[in-house]
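> Sharing a structure below in structure tokens format, with a few things to ask.
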Amino acid sequence: MLRATVLAGQLPTSLQERAEQGDPVAQNELGSRYYAGRGVERDDAAAARWIRLAAAQDYAPAQYNLGLLHFRNRGVAGSDAEAARWYRAAAEQGYAPAQAGLGYLYIYGAGLDEDHVLAYMWLELARRGADSDFTRRLYAGRRDELAERMTDDDVREGRRLADGWRPGPAR
């Protein structure tokens with residue numbers, strides 16, 4: 001396994017061990033630290049490696065992070081289609097940041113076909129699942145901006161889809 005180059009003792013001693021033992025939460029955290037250079041030297045390839053291991057265990061935050069790596073072309077080949085695939089995997093489990101990310105991709109047709117009704121649905125679900133007032137307002141604001149460019153029927157359809165949506169098991 002890769003050994004982290006620790007900076008100023010900032011890396012919790014058990015984090016590397018738990019990651020090496022296959023704990024997806026620890027793997028995602030270690031990957032996120034490599035991505036940001038938090039407690040270790042920044043290393044996009046190591047970030048992608050650890051996050052990919054956690055994502056493969058259907059850990060929604062890691063699936064979202066892997067999608068983000070693909071979207072930002074950091075440590076993996078940049079691909080909007082791969083970003084959409086990983087965002088969807090996490091979004092279908094009810095992970096609000098991934099739902100918002102998927103909504104944004106639908107708005108612009110990045111990695112999948114442009115679809116404002118589905119974009120509205122995913123942004124509404126993200127708003128409902130947001131864990132803070134700030135993110136709730138952020139997702140609602142983007143949803144409302146999108147709604148201004150949609151027909152009333154399309155907005156109603158987006159709401160109907162959001163109302164009927166239920167999270168599914170990890171895939």
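Identifiers in this document derive from the order of the structure tokens: chains are assigned A, B, ..., residues are numbered from 1 separately in each chain, and ligands are numbered from 1 in order of occurrence.
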Just the residues within 12 Å of Leu112 (chain A), please, counting only C-alpha atoms, with nothing from its chain fewer than 4 positions along; format it as a list of chain:residue names.

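Residues meeting the cut-off are A:Ser79, A:Asp80, A:Ala81, A:Glu82, A:Ala83, A:Ala84, A:Arg85, A:Tyr87, A:Arg88, A:Leu102, A:Gly103, A:Tyr104, A:Leu105, A:Tyr106, A:Ile107, A:Tyr108, A:His116, A:Leu118, A:Ala119.
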
> Keeping C-alpha atoms, export the residues of the selection given above as a compact mmCIF listing (two decimals), in the first residue's frame.


# COMPACT_ATOMS: atom_id res chain seq x y z
CA SER A 79 -14.80 12.67 -18.59
CA ASP A 80 -18.20 14.25 -18.12
CA ALA A 81 -19.80 10.88 -18.90
CA GLU A 82 -17.82 9.20 -16.09
CA ALA A 83 -18.64 12.11 -13.78
CA ALA A 84 -22.34 11.59 -14.57
CA ARG A 85 -22.06 7.84 -13.98
CA TYR A 87 -22.76 11.19 -9.56
CA ARG A 88 -25.79 9.04 -10.49
CA LEU A 102 -26.17 15.40 -11.59
CA GLY A 103 -28.73 18.19 -11.92
CA TYR A 104 -26.03 20.59 -13.09
CA LEU A 105 -24.82 18.08 -15.69
CA TYR A 106 -28.39 17.69 -16.99
CA ILE A 107 -28.76 21.47 -17.29
CA TYR A 108 -25.80 21.73 -19.64
CA HIS A 116 -34.23 20.38 -17.82
CA LEU A 118 -34.57 15.82 -14.88
CA ALA A 119 -32.23 18.64 -13.87

> Identify, on the basis of only C-alpha atoms, every residue whose closest approach to region 55-57 of chain A does not exceed 10 Å; exclude the query and any residue fewer than 6 positions from it along the same chain; express the result as an NGL selection string.

:A and (22-25 or 27-28 or 49 or 63-67 or 86 or 89-90 or 170-171)

> Next, the residues of the selection above should be written as a PDB file, in the first residue's frame with C-alpha atoms.


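The resulting file, again_15.pdb, is shown below:
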ATOM      1  CA  GLY A  22     -10.648  -1.564   3.492  1.00  0.00           C
ATOM      2  CA  ASP A  23     -12.744   0.921   5.485  1.00  0.00           C
ATOM      3  CA  PRO A  24     -14.490   3.003   2.776  1.00  0.00           C
ATOM      4  CA  VAL A  25     -14.975   6.000   5.072  1.00  0.00           C
ATOM      5  CA  GLN A  27     -10.331   5.473   2.188  1.00  0.00           C
ATOM      6  CA  ASN A  28     -12.503   8.368   1.066  1.00  0.00           C
ATOM      7  CA  ARG A  49      -6.701   5.583  -5.954  1.00  0.00           C
ATOM      8  CA  GLN A  63     -18.805   7.920  -5.607  1.00  0.00           C
ATOM      9  CA  TYR A  64     -19.567  11.631  -5.672  1.00  0.00           C
ATOM     10  CA  ASN A  65     -15.888  12.469  -5.114  1.00  0.00           C
ATOM     11  CA  LEU A  66     -14.828  10.138  -7.924  1.00  0.00           C
ATOM     12  CA  GLY A  67     -17.323  11.869 -10.199  1.00  0.00           C
ATOM     13  CA  TRP A  86     -20.511   8.267 -10.526  1.00  0.00           C
ATOM     14  CA  ALA A  89     -24.561   6.114  -8.382  1.00  0.00           C
ATOM     15  CA  ALA A  90     -24.375   8.384  -5.326  1.00  0.00           C
ATOM     16  CA  ALA A 170     -26.153   1.046  -4.052  1.00  0.00           C
ATOM     17  CA  ARG A 171     -25.333  -0.314  -7.483  1.00  0.00           C
TER      18      ARG A 171
END

> I need the residue nearest Gly39 (chain A) from this list: A:Ala147, A:Ala140, A:Leu11, A:Leu69. Use only C-alpha atoms for the distance.

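Closest candidate: A:Leu11.
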
> Report as a list in words all protein, DNA and RNA residues lying within 7 Å of Glu124 (chain A), evaluated on only C-alpha atoms, omitting residues in the same chain fewer than 3 positions from it.

Tyr120, Met121, Arg127, Arg128, Ala140, Arg143 and Ala162 of chain A

> Could you give me, as a list in words, the residues within 9 Å of region 163-168 of chain A, counting only C-alpha atoms and dropping anything in the same chain fewer than 4 positions from it?

Ala91, Glu92, Gln93, Gly94, Met121, Leu125, Gly158 and Arg159 of chain A

> Can you measure CA of Ala100 (chain A) to CA of Ala19 (chain A) for me? One decimal in Å is fine.

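Between CA of Ala100 (chain A) and CA of Ala19 (chain A) the gap works out to 27.6 Å.
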
> Nearest residue to Asn73 (chain A) out of A:Tyr35, A:Trp50, A:Tyr95, A:Tyr59, using only C-alpha atoms?

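Comparing A:Tyr35, A:Trp50, A:Tyr95, A:Tyr59 against Asn73 (chain A), the winner is A:Tyr35.
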